[in-house]
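Heads up, my_file14.cif below (mmCIF, C-alpha atoms; chains and numbers go by the auth columns):
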```cif
data_work
#
loop_
_atom_site.group_PDB
_atom_site.id
_atom_site.type_symbol
_atom_site.label_atom_id
_atom_site.label_comp_id
_atom_site.label_asym_id
_atom_site.label_seq_id
_atom_site.Cartn_x
_atom_site.Cartn_y
_atom_site.Cartn_z
_atom_site.B_iso_or_equiv
_atom_site.auth_seq_id
_atom_site.auth_asym_id
ATOM 1 C CA MET A 1 -26.132 -37.159 -46.137 0.00 1 A
ATOM 2 C CA VAL A 2 -24.627 -35.700 -49.272 0.00 2 A
ATOM 3 C CA ASP A 3 -26.262 -33.106 -51.477 0.00 3 A
ATOM 4 C CA GLY A 4 -25.063 -30.712 -54.138 0.00 4 A
ATOM 5 C CA VAL A 5 -25.976 -27.088 -54.796 0.00 5 A
ATOM 6 C CA GLN A 6 -25.365 -25.264 -58.055 0.00 6 A
ATOM 7 C CA PHE A 7 -26.015 -21.554 -57.697 0.00 7 A
ATOM 8 C CA ASP A 8 -26.243 -20.780 -61.386 0.00 8 A
ATOM 9 C CA GLY A 9 -26.290 -23.021 -64.415 0.00 9 A
ATOM 10 C CA HIS A 10 -22.586 -23.209 -65.122 0.00 10 A
ATOM 11 C CA THR A 11 -20.312 -22.942 -62.065 0.00 11 A
ATOM 12 C CA ALA A 12 -18.968 -25.856 -60.076 0.00 12 A
ATOM 13 C CA VAL A 13 -21.376 -27.702 -57.808 0.00 13 A
ATOM 14 C CA LEU A 14 -20.857 -27.330 -54.065 0.00 14 A
ATOM 15 C CA TYR A 15 -21.317 -30.714 -52.390 0.00 15 A
ATOM 16 C CA VAL A 16 -22.023 -30.789 -48.668 0.00 16 A
ATOM 17 C CA ALA A 17 -21.502 -33.900 -46.557 0.00 17 A
ATOM 18 C CA SER A 18 -23.230 -33.861 -43.186 0.00 18 A
ATOM 19 C CA ASP A 19 -23.948 -36.146 -40.270 0.00 19 A
ATOM 20 C CA ALA A 20 -27.705 -36.654 -40.123 0.00 20 A
ATOM 21 C CA ILE A 21 -27.724 -37.672 -36.463 0.00 21 A
ATOM 22 C CA SER A 22 -25.849 -34.673 -35.029 0.00 22 A
ATOM 23 C CA GLY A 23 -26.717 -32.246 -37.821 0.00 23 A
ATOM 24 C CA SER A 24 -23.018 -31.362 -38.140 0.00 24 A
ATOM 25 C CA THR A 25 -21.491 -30.519 -41.472 0.00 25 A
ATOM 26 C CA LEU A 26 -18.528 -32.790 -42.087 0.00 26 A
ATOM 27 C CA PHE A 27 -17.172 -30.819 -45.040 0.00 27 A
ATOM 28 C CA ALA A 28 -18.123 -29.092 -48.264 0.00 28 A
ATOM 29 C CA GLU A 29 -16.224 -29.062 -51.534 0.00 29 A
ATOM 30 C CA ARG A 30 -16.773 -27.930 -55.090 0.00 30 A
ATOM 31 C CA HIS A 31 -16.648 -30.254 -58.075 0.00 31 A
ATOM 32 C CA GLU A 32 -16.562 -29.227 -61.714 0.00 32 A
ATOM 33 C CA VAL A 33 -17.365 -32.735 -62.932 0.00 33 A
ATOM 34 C CA ARG A 34 -20.404 -34.654 -61.727 0.00 34 A
ATOM 35 C CA SER A 35 -19.525 -38.177 -62.843 0.00 35 A
ATOM 36 C CA GLY A 36 -19.464 -41.177 -60.535 0.00 36 A
ATOM 37 C CA GLU A 37 -15.671 -41.380 -60.685 0.00 37 A
ATOM 38 C CA ALA A 38 -15.262 -37.682 -59.871 0.00 38 A
ATOM 39 C CA LEU A 39 -17.717 -37.805 -56.972 0.00 39 A
ATOM 40 C CA GLN A 40 -16.097 -40.876 -55.432 0.00 40 A
ATOM 41 C CA ALA A 41 -13.623 -38.433 -53.855 0.00 41 A
ATOM 42 C CA ILE A 42 -16.409 -37.162 -51.579 0.00 42 A
ATOM 43 C CA PHE A 43 -17.134 -40.631 -50.226 0.00 43 A
ATOM 44 C CA GLU A 44 -13.454 -41.534 -49.998 0.00 44 A
ATOM 45 C CA ARG A 45 -12.985 -38.436 -47.847 0.00 45 A
ATOM 46 C CA ILE A 46 -15.883 -39.490 -45.584 0.00 46 A
ATOM 47 C CA LYS A 47 -14.370 -42.984 -45.318 0.00 47 A
ATOM 48 C CA ALA A 48 -10.953 -41.498 -44.405 0.00 48 A
ATOM 49 C CA MET A 49 -12.565 -39.507 -41.568 0.00 49 A
ATOM 50 C CA ASP A 50 -13.215 -42.834 -39.861 0.00 50 A
ATOM 51 C CA VAL A 51 -16.702 -41.820 -38.759 0.00 51 A
ATOM 52 C CA PRO A 52 -19.228 -44.645 -38.441 0.00 52 A
ATOM 53 C CA VAL A 53 -21.415 -44.675 -41.542 0.00 53 A
ATOM 54 C CA LEU A 54 -24.669 -46.461 -40.719 0.00 54 A
ATOM 55 C CA GLY A 55 -26.403 -45.405 -43.917 0.00 55 A
ATOM 56 C CA LEU A 56 -26.239 -42.822 -46.672 0.00 56 A
ATOM 57 C CA VAL A 57 -28.893 -40.454 -48.018 0.00 57 A
ATOM 58 C CA THR A 58 -28.488 -38.672 -51.357 0.00 58 A
ATOM 59 C CA ASP A 59 -30.712 -37.436 -54.117 0.00 59 A
ATOM 60 C CA LYS A 60 -30.809 -39.411 -57.358 0.00 60 A
ATOM 61 C CA GLU A 61 -28.019 -37.432 -58.997 0.00 61 A
ATOM 62 C CA LYS A 62 -26.478 -39.736 -61.579 0.00 62 A
ATOM 63 C CA GLY A 63 -22.909 -39.367 -60.289 0.00 63 A
ATOM 64 C CA LEU A 64 -23.691 -39.864 -56.606 0.00 64 A
ATOM 65 C CA VAL A 65 -25.365 -43.251 -56.988 0.00 65 A
ATOM 66 C CA PRO A 66 -22.370 -45.086 -58.525 0.00 66 A
ATOM 67 C CA ALA A 67 -19.972 -43.226 -56.209 0.00 67 A
ATOM 68 C CA VAL A 68 -21.821 -44.560 -53.162 0.00 68 A
ATOM 69 C CA LYS A 69 -21.798 -48.096 -54.582 0.00 69 A
ATOM 70 C CA ALA A 70 -18.059 -47.925 -55.295 0.00 70 A
ATOM 71 C CA VAL A 71 -16.954 -46.631 -51.867 0.00 71 A
ATOM 72 C CA PHE A 72 -19.656 -47.970 -49.520 0.00 72 A
ATOM 73 C CA PRO A 73 -21.021 -51.088 -51.265 0.00 73 A
ATOM 74 C CA ASP A 74 -22.338 -52.675 -48.058 0.00 74 A
ATOM 75 C CA VAL A 75 -23.816 -49.552 -46.442 0.00 75 A
ATOM 76 C CA PRO A 76 -27.573 -49.001 -46.840 0.00 76 A
ATOM 77 C CA HIS A 77 -28.273 -46.144 -49.271 0.00 77 A
ATOM 78 C CA GLN A 78 -31.598 -44.357 -49.686 0.00 78 A
ATOM 79 C CA PHE A 79 -32.779 -41.430 -51.707 0.00 79 A
ATOM 80 C CA CYS A 80 -33.771 -38.210 -49.971 0.00 80 A
ATOM 81 C CA GLN A 81 -37.420 -38.299 -48.954 0.00 81 A
ATOM 82 C CA LEU A 82 -37.727 -34.497 -49.030 0.00 82 A
ATOM 83 C CA HIS A 83 -36.608 -34.420 -52.671 0.00 83 A
ATOM 84 C CA PHE A 84 -39.126 -37.181 -53.392 0.00 84 A
ATOM 85 C CA LEU A 85 -41.958 -35.336 -51.644 0.00 85 A
ATOM 86 C CA LYS A 86 -41.113 -32.046 -53.357 0.00 86 A
ATOM 87 C CA ASN A 87 -41.274 -33.854 -56.688 0.00 87 A
ATOM 88 C CA CYS A 88 -44.668 -35.323 -55.701 0.00 88 A
ATOM 89 C CA ALA A 89 -45.923 -31.825 -54.832 0.00 89 A
ATOM 90 C CA LYS A 90 -44.815 -30.234 -58.141 0.00 90 A
ATOM 91 C CA PRO A 91 -48.226 -30.790 -59.794 0.00 91 A
ATOM 92 C CA LEU A 92 -49.693 -28.511 -57.090 0.00 92 A
ATOM 93 C CA ASP A 93 -47.376 -25.586 -57.918 0.00 93 A
ATOM 94 C CA GLU A 94 -49.774 -23.903 -60.363 0.00 94 A
ATOM 95 C CA ASN A 95 -52.739 -24.191 -57.979 0.00 95 A
ATOM 96 C CA LEU A 96 -50.676 -22.911 -55.051 0.00 96 A
ATOM 97 C CA THR A 97 -49.515 -19.948 -57.127 0.00 97 A
ATOM 98 C CA LYS A 98 -53.138 -19.086 -57.962 0.00 98 A
ATOM 99 C CA LEU A 99 -54.156 -19.541 -54.338 0.00 99 A
ATOM 100 C CA GLY A 100 -51.290 -17.283 -53.248 0.00 100 A
ATOM 101 C CA ALA A 101 -52.486 -14.599 -55.685 0.00 101 A
ATOM 102 C CA GLU A 102 -56.020 -14.854 -54.262 0.00 102 A
ATOM 103 C CA VAL A 103 -54.667 -14.498 -50.734 0.00 103 A
ATOM 104 C CA ALA A 104 -52.664 -11.435 -51.806 0.00 104 A
ATOM 105 C CA THR A 105 -55.784 -9.876 -53.362 0.00 105 A
ATOM 106 C CA THR A 106 -57.771 -10.535 -50.181 0.00 106 A
ATOM 107 C CA ALA A 107 -54.942 -9.090 -48.075 0.00 107 A
ATOM 108 C CA GLU A 108 -54.995 -5.913 -50.172 0.00 108 A
ATOM 109 C CA LYS A 109 -58.779 -5.595 -49.706 0.00 109 A
ATOM 110 C CA ILE A 110 -58.309 -6.046 -45.965 0.00 110 A
ATOM 111 C CA ARG A 111 -55.639 -3.341 -45.893 0.00 111 A
ATOM 112 C CA LYS A 112 -57.943 -0.891 -47.674 0.00 112 A
ATOM 113 C CA ILE A 113 -60.886 -1.659 -45.377 0.00 113 A
ATOM 114 C CA ARG A 114 -58.713 -1.245 -42.273 0.00 114 A
ATOM 115 C CA ARG A 115 -57.598 2.140 -43.555 0.00 115 A
ATOM 116 C CA ARG A 116 -61.202 3.202 -44.257 0.00 116 A
ATOM 117 C CA ILE A 117 -62.418 2.118 -40.818 0.00 117 A
ATOM 118 C CA LYS A 118 -59.509 3.866 -39.085 0.00 118 A
ATOM 119 C CA SER A 119 -60.214 7.102 -40.970 0.00 119 A
ATOM 120 C CA ALA A 120 -64.012 6.928 -40.445 0.00 120 A
ATOM 121 C CA LYS A 121 -65.631 9.366 -38.074 0.00 121 A
ATOM 122 C CA PRO A 122 -65.903 8.150 -34.473 0.00 122 A
ATOM 123 C CA ALA A 123 -69.095 6.255 -33.795 0.00 123 A
ATOM 124 C CA GLY A 124 -71.723 7.943 -31.695 0.00 124 A
ATOM 125 C CA THR A 125 -73.153 5.143 -29.609 0.00 125 A
ATOM 126 C CA GLU A 126 -71.566 2.558 -27.364 0.00 126 A
ATOM 127 C CA ALA A 127 -72.962 -0.230 -29.581 0.00 127 A
ATOM 128 C CA GLU A 128 -71.391 1.330 -32.696 0.00 128 A
ATOM 129 C CA ASN A 129 -68.048 1.657 -30.888 0.00 129 A
ATOM 130 C CA ALA A 130 -68.248 -2.037 -29.928 0.00 130 A
ATOM 131 C CA GLU A 131 -69.055 -2.961 -33.556 0.00 131 A
ATOM 132 C CA ARG A 132 -66.104 -0.960 -34.792 0.00 132 A
ATOM 133 C CA GLU A 133 -63.804 -2.639 -32.260 0.00 133 A
ATOM 134 C CA VAL A 134 -64.930 -6.124 -33.341 0.00 134 A
ATOM 135 C CA ALA A 135 -64.453 -5.197 -37.018 0.00 135 A
ATOM 136 C CA GLU A 136 -60.949 -3.844 -36.346 0.00 136 A
ATOM 137 C CA GLU A 137 -59.998 -6.988 -34.408 0.00 137 A
ATOM 138 C CA LEU A 138 -61.250 -9.252 -37.213 0.00 138 A
ATOM 139 C CA LEU A 139 -59.410 -7.221 -39.825 0.00 139 A
ATOM 140 C CA LEU A 140 -56.237 -7.334 -37.735 0.00 140 A
ATOM 141 C CA ALA A 141 -56.594 -11.127 -37.437 0.00 141 A
ATOM 142 C CA ALA A 142 -57.160 -11.403 -41.195 0.00 142 A
ATOM 143 C CA HIS A 143 -54.100 -9.248 -41.881 0.00 143 A
ATOM 144 C CA ALA A 144 -51.986 -11.496 -39.640 0.00 144 A
ATOM 145 C CA ALA A 145 -53.425 -14.616 -41.289 0.00 145 A
ATOM 146 C CA SER A 146 -52.434 -13.330 -44.726 0.00 146 A
ATOM 147 C CA LYS A 147 -48.798 -13.071 -43.609 0.00 147 A
ATOM 148 C CA VAL A 148 -48.386 -16.457 -41.883 0.00 148 A
ATOM 149 C CA SER A 149 -45.534 -18.551 -43.216 0.00 149 A
ATOM 150 C CA GLY A 150 -45.198 -22.215 -43.958 0.00 150 A
ATOM 151 C CA ARG A 151 -42.782 -24.561 -45.589 0.00 151 A
ATOM 152 C CA ALA A 152 -43.413 -26.697 -48.632 0.00 152 A
ATOM 153 C CA PRO A 153 -44.157 -29.465 -49.364 0.00 153 A
ATOM 154 C CA PHE A 154 -46.087 -30.187 -46.164 0.00 154 A
ATOM 155 C CA LYS A 155 -47.241 -26.693 -45.227 0.00 155 A
ATOM 156 C CA PRO A 156 -47.146 -24.460 -48.310 0.00 156 A
ATOM 157 C CA PRO A 157 -47.482 -20.801 -47.262 0.00 157 A
ATOM 158 C CA ALA A 158 -50.333 -20.094 -49.705 0.00 158 A
ATOM 159 C CA LEU A 159 -52.395 -22.954 -48.287 0.00 159 A
ATOM 160 C CA LYS A 160 -51.704 -22.008 -44.652 0.00 160 A
ATOM 161 C CA ARG A 161 -52.656 -18.381 -45.363 0.00 161 A
ATOM 162 C CA HIS A 162 -55.819 -19.446 -47.156 0.00 162 A
ATOM 163 C CA GLU A 163 -56.853 -21.734 -44.283 0.00 163 A
ATOM 164 C CA ARG A 164 -56.206 -19.017 -41.692 0.00 164 A
ATOM 165 C CA LEU A 165 -58.170 -16.454 -43.710 0.00 165 A
ATOM 166 C CA LEU A 166 -61.079 -18.894 -43.932 0.00 166 A
ATOM 167 C CA ALA A 167 -61.038 -19.236 -40.152 0.00 167 A
ATOM 168 C CA VAL A 168 -61.181 -15.446 -39.754 0.00 168 A
ATOM 169 C CA SER A 169 -63.953 -15.295 -42.350 0.00 169 A
ATOM 170 C CA LYS A 170 -65.973 -17.834 -40.344 0.00 170 A
ATOM 171 C CA ALA A 171 -65.449 -15.704 -37.235 0.00 171 A
ATOM 172 C CA ALA A 172 -66.683 -12.646 -39.156 0.00 172 A
ATOM 173 C CA VAL A 173 -69.788 -14.531 -40.308 0.00 173 A
ATOM 174 C CA ALA A 174 -70.445 -15.650 -36.723 0.00 174 A
ATOM 175 C CA ALA A 175 -70.041 -12.065 -35.482 0.00 175 A
ATOM 176 C CA THR A 176 -72.427 -10.829 -38.165 0.00 176 A
ATOM 177 C CA LYS A 177 -75.039 -13.392 -37.124 0.00 177 A
ATOM 178 C CA LYS A 178 -74.707 -12.180 -33.550 0.00 178 A
ATOM 179 C CA ARG A 179 -75.076 -8.636 -34.873 0.00 179 A
ATOM 180 C CA ALA A 180 -71.703 -7.753 -33.356 0.00 180 A
ATOM 181 C CA LEU A 181 -70.569 -6.023 -36.543 0.00 181 A
ATOM 182 C CA GLY A 182 -73.612 -3.973 -37.494 0.00 182 A
ATOM 183 C CA ARG A 183 -72.830 -1.572 -40.350 0.00 183 A
ATOM 184 C CA PHE A 184 -69.216 -2.817 -40.642 0.00 184 A
ATOM 185 C CA SER A 185 -70.278 -6.281 -41.874 0.00 185 A
ATOM 186 C CA LYS A 186 -70.960 -4.887 -45.359 0.00 186 A
ATOM 187 C CA ARG A 187 -67.301 -3.830 -45.680 0.00 187 A
ATOM 188 C CA LEU A 188 -65.690 -7.190 -44.882 0.00 188 A
ATOM 189 C CA PRO A 189 -64.526 -9.282 -47.855 0.00 189 A
ATOM 190 C CA THR A 190 -66.386 -12.562 -48.296 0.00 190 A
ATOM 191 C CA ARG A 191 -65.358 -15.739 -50.038 0.00 191 A
#
```
Please render this file's structure as structure tokens.
Amino acid sequence: MVDGVQFDGHTAVLYVASDAISGSTLFAERHEVRSGEALQAIFERIKAMDVPVLGLVTDKEKGLVPAVKAVFPDVPHQFCQLHFLKNCAKPLDENLTKLGAEVATTAEKIRKIRRRIKSAKPAGTEAENAEREVAEELLLAAHAASKVSGRAPFKPPALKRHERLLAVSKAAVAATKKRALGRFSKRLPTR
């Protein structure tokens, strides 16, 4: 696999060649020019290493495609599926950003409610203490759900957090129906 990284808009691109089977990095080198002729040096270096090349994976960078054809004309070459999938997911970016903002707003509400419940006077009855405990556990679960991580494009964090918060919300609704939350049910955020 060969891929390039440019850290800002104007410095040389760092190209990394790695073995997909072992996960080992073969080498990395910077290139100022991104033409096919200039990038052939990367593939010539791989060829000189005398490692078996069963196939090559690159993105669709204009210089990499002709460089692969020039040095490894008979080796199967495919474009990176992760790049492809990320490009397919780009139309979702705006919706995921909005969803992430909604999750953050819900998380802030949860934080405030947790603080209010913690600072509330101790309950008098055993039933009220049980209600408070259930409410605190649900709020703790919701707080944890709002922090869960994921990795795009398959598991975007905003979507995972939203799904986990919905699960906690369903648990809160179920607890309310069982009257396990009592007076605390009015404080929980609903969707």
Check: So which residues touch Leu96 of chain A within 8 Å, counting only C-alpha atoms, skipping near sequence neighbours fewer than 6 positions away, as a PyMOL selection string?
Finding: chain A and resi 156+158-159
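Counting all atoms listed in the file and comparing A:Leu56, A:Ser146, A:Asn129, A:Phe154, the residue that lies closest to Leu92 of chain A is A:Phe154.
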Checklist line | Hits from the PyMOL selection byres ((chain A and resi 32) around 9), listed as a list of chain:residue names | finding: A:Thr11, A:Ala12, A:Val13, A:Leu14, A:Arg30, A:His31, A:Val33, A:Arg34, A:Ala38
Item checked: Which of A:Glu108, A:Asp8, A:Glu94, A:Glu37 sits closest to His143 of chain A [using only C-alpha atoms] ->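 Checking each of A:Glu108, A:Asp8, A:Glu94, A:Glu37 against His143 of chain A, counting only C-alpha atoms, the winner is A:Glu108.
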Next item on the list: Considering all atoms listed in the file, state which residue in the set A:Ser24, A:Thr176, A:Gln78, A:Thr125 is at the smallest distance from Leu64 of chain A.
Entry: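 Closest to Leu64 of chain A of all the choices is A:Gln78.
What separates atom CA of Ser119 of chain A from atom CA of Ala101 of chain A is a distance of 27.3 Å.
Atom to atom, atom CA of Ala120 of chain A and atom CA of Ser169 of chain A stand 22.3 Å apart.
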Notebook entry, point to check: Can you list what the PyMOL selection byres ((chain A and resi 66-70) around 10) grabs from this structure, as number ranges by chain?
Noted result: A: 35-44, 56-58, 61-65, 71-77
Check: Smallest atom-to-atom distance to Val103 of chain A: which of A:Lys170, A:Lys155, A:Arg164, A:Lys118, using all atoms listed in the file?
Finding: A:Arg164
Export segment 73-110 of chain A, N, CA and C atoms, as an mmCIF file, in the first residue's frame; it's the structure right above.
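Wrote part-v3.cif, looks like this:
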```cif
data_model
loop_
_atom_site.group_PDB
_atom_site.id
_atom_site.type_symbol
_atom_site.label_atom_id
_atom_site.label_comp_id
_atom_site.auth_asym_id
_atom_site.auth_seq_id
_atom_site.Cartn_x
_atom_site.Cartn_y
_atom_site.Cartn_z
ATOM 1 N N PRO A 73 3.604 -3.084 -14.201
ATOM 2 C CA PRO A 73 2.509 -3.151 -15.172
ATOM 3 C C PRO A 73 1.653 -4.417 -15.067
ATOM 4 N N ASP A 74 2.219 -5.497 -14.572
ATOM 5 C CA ASP A 74 1.481 -6.764 -14.521
ATOM 6 C C ASP A 74 0.931 -7.096 -13.137
ATOM 7 N N VAL A 75 1.129 -6.223 -12.174
ATOM 8 C CA VAL A 75 0.661 -6.463 -10.809
ATOM 9 C C VAL A 75 -0.730 -5.835 -10.655
ATOM 10 N N PRO A 76 -1.672 -6.596 -10.084
ATOM 11 C CA PRO A 76 -3.014 -6.023 -9.871
ATOM 12 C C PRO A 76 -2.935 -4.767 -8.989
ATOM 13 N N HIS A 77 -3.689 -3.750 -9.392
ATOM 14 C CA HIS A 77 -3.692 -2.460 -8.686
ATOM 15 C C HIS A 77 -5.142 -2.088 -8.408
ATOM 16 N N GLN A 78 -5.440 -1.758 -7.148
ATOM 17 C CA GLN A 78 -6.790 -1.301 -6.819
ATOM 18 C C GLN A 78 -6.708 -0.024 -6.005
ATOM 19 N N PHE A 79 -7.800 0.710 -6.039
ATOM 20 C CA PHE A 79 -7.871 1.935 -5.268
ATOM 21 C C PHE A 79 -8.349 1.613 -3.865
ATOM 22 N N CYS A 80 -7.910 2.422 -2.915
ATOM 23 C CA CYS A 80 -8.186 2.214 -1.501
ATOM 24 C C CYS A 80 -9.688 2.261 -1.234
ATOM 25 N N GLN A 81 -10.206 1.199 -0.646
ATOM 26 C CA GLN A 81 -11.630 1.129 -0.354
ATOM 27 C C GLN A 81 -12.030 2.098 0.756
ATOM 28 N N LEU A 82 -11.131 2.337 1.718
ATOM 29 C CA LEU A 82 -11.462 3.274 2.796
ATOM 30 C C LEU A 82 -11.625 4.691 2.241
ATOM 31 N N HIS A 83 -10.728 5.088 1.334
ATOM 32 C CA HIS A 83 -10.882 6.406 0.705
ATOM 33 C C HIS A 83 -12.232 6.465 -0.029
ATOM 34 N N PHE A 84 -12.548 5.409 -0.752
ATOM 35 C CA PHE A 84 -13.807 5.352 -1.490
ATOM 36 C C PHE A 84 -14.998 5.491 -0.539
ATOM 37 N N LEU A 85 -14.986 4.724 0.550
ATOM 38 C CA LEU A 85 -16.099 4.766 1.491
ATOM 39 C C LEU A 85 -16.206 6.117 2.196
ATOM 40 N N LYS A 86 -15.062 6.715 2.521
ATOM 41 C CA LYS A 86 -15.102 8.052 3.131
ATOM 42 C C LYS A 86 -15.723 9.057 2.164
ATOM 43 N N ASN A 87 -15.383 8.929 0.888
ATOM 44 C CA ASN A 87 -15.973 9.818 -0.112
ATOM 45 C C ASN A 87 -17.477 9.582 -0.219
ATOM 46 N N CYS A 88 -17.908 8.322 -0.125
ATOM 47 C CA CYS A 88 -19.346 8.010 -0.166
ATOM 48 C C CYS A 88 -20.061 8.608 1.043
ATOM 49 N N ALA A 89 -19.384 8.664 2.177
ATOM 50 C CA ALA A 89 -20.008 9.151 3.415
ATOM 51 C C ALA A 89 -20.011 10.677 3.521
ATOM 52 N N LYS A 90 -19.282 11.371 2.657
ATOM 53 C CA LYS A 90 -19.200 12.841 2.751
ATOM 54 C C LYS A 90 -20.565 13.528 2.761
ATOM 55 N N PRO A 91 -21.547 13.061 1.980
ATOM 56 C CA PRO A 91 -22.858 13.733 2.041
ATOM 57 C C PRO A 91 -23.504 13.676 3.430
ATOM 58 N N LEU A 92 -23.055 12.774 4.289
ATOM 59 C CA LEU A 92 -23.616 12.663 5.638
ATOM 60 C C LEU A 92 -22.963 13.621 6.634
ATOM 61 N N ASP A 93 -21.855 14.248 6.248
ATOM 62 C CA ASP A 93 -21.093 15.087 7.177
ATOM 63 C C ASP A 93 -21.955 16.140 7.871
ATOM 64 N N GLU A 94 -22.770 16.852 7.113
ATOM 65 C CA GLU A 94 -23.589 17.926 7.701
ATOM 66 C C GLU A 94 -24.574 17.351 8.724
ATOM 67 N N ASN A 95 -25.232 16.253 8.360
ATOM 68 C CA ASN A 95 -26.188 15.629 9.289
ATOM 69 C C ASN A 95 -25.489 15.113 10.535
ATOM 70 N N LEU A 96 -24.306 14.518 10.371
ATOM 71 C CA LEU A 96 -23.577 14.005 11.528
ATOM 72 C C LEU A 96 -23.112 15.137 12.435
ATOM 73 N N THR A 97 -22.761 16.269 11.848
ATOM 74 C CA THR A 97 -22.365 17.428 12.644
ATOM 75 C C THR A 97 -23.554 17.920 13.472
ATOM 76 N N LYS A 98 -24.722 17.995 12.852
ATOM 77 C CA LYS A 98 -25.932 18.411 13.580
ATOM 78 C C LYS A 98 -26.272 17.410 14.677
ATOM 79 N N LEU A 99 -26.170 16.127 14.357
ATOM 80 C CA LEU A 99 -26.463 15.090 15.332
ATOM 81 C C LEU A 99 -25.486 15.176 16.504
ATOM 82 N N GLY A 100 -24.209 15.421 16.193
ATOM 83 C CA GLY A 100 -23.206 15.578 17.245
ATOM 84 C C GLY A 100 -23.522 16.755 18.154
ATOM 85 N N ALA A 101 -24.014 17.856 17.576
ATOM 86 C CA ALA A 101 -24.394 19.025 18.375
ATOM 87 C C ALA A 101 -25.585 18.693 19.279
ATOM 88 N N GLU A 102 -26.545 17.930 18.763
ATOM 89 C CA GLU A 102 -27.688 17.516 19.582
ATOM 90 C C GLU A 102 -27.242 16.630 20.735
ATOM 91 N N VAL A 103 -26.328 15.725 20.459
ATOM 92 C CA VAL A 103 -25.802 14.846 21.511
ATOM 93 C C VAL A 103 -25.098 15.684 22.577
ATOM 94 N N ALA A 104 -24.317 16.672 22.142
ATOM 95 C CA ALA A 104 -23.606 17.532 23.091
ATOM 96 C C ALA A 104 -24.587 18.317 23.959
ATOM 97 N N THR A 105 -25.671 18.799 23.360
ATOM 98 C CA THR A 105 -26.696 19.526 24.122
ATOM 99 C C THR A 105 -27.348 18.604 25.147
ATOM 100 N N THR A 106 -27.673 17.386 24.728
ATOM 101 C CA THR A 106 -28.268 16.411 25.649
ATOM 102 C C THR A 106 -27.290 16.082 26.770
ATOM 103 N N ALA A 107 -26.023 15.918 26.430
ATOM 104 C CA ALA A 107 -25.003 15.603 27.443
ATOM 105 C C ALA A 107 -24.896 16.726 28.472
ATOM 106 N N GLU A 108 -25.009 17.961 28.019
ATOM 107 C CA GLU A 108 -24.957 19.098 28.949
ATOM 108 C C GLU A 108 -26.169 19.095 29.875
ATOM 109 N N LYS A 109 -27.351 18.787 29.332
ATOM 110 C CA LYS A 109 -28.563 18.689 30.163
ATOM 111 C C LYS A 109 -28.384 17.591 31.204
ATOM 112 N N ILE A 110 -27.839 16.481 30.787
ATOM 113 C CA ILE A 110 -27.615 15.351 31.705
ATOM 114 C C ILE A 110 -26.665 15.757 32.825
#
```
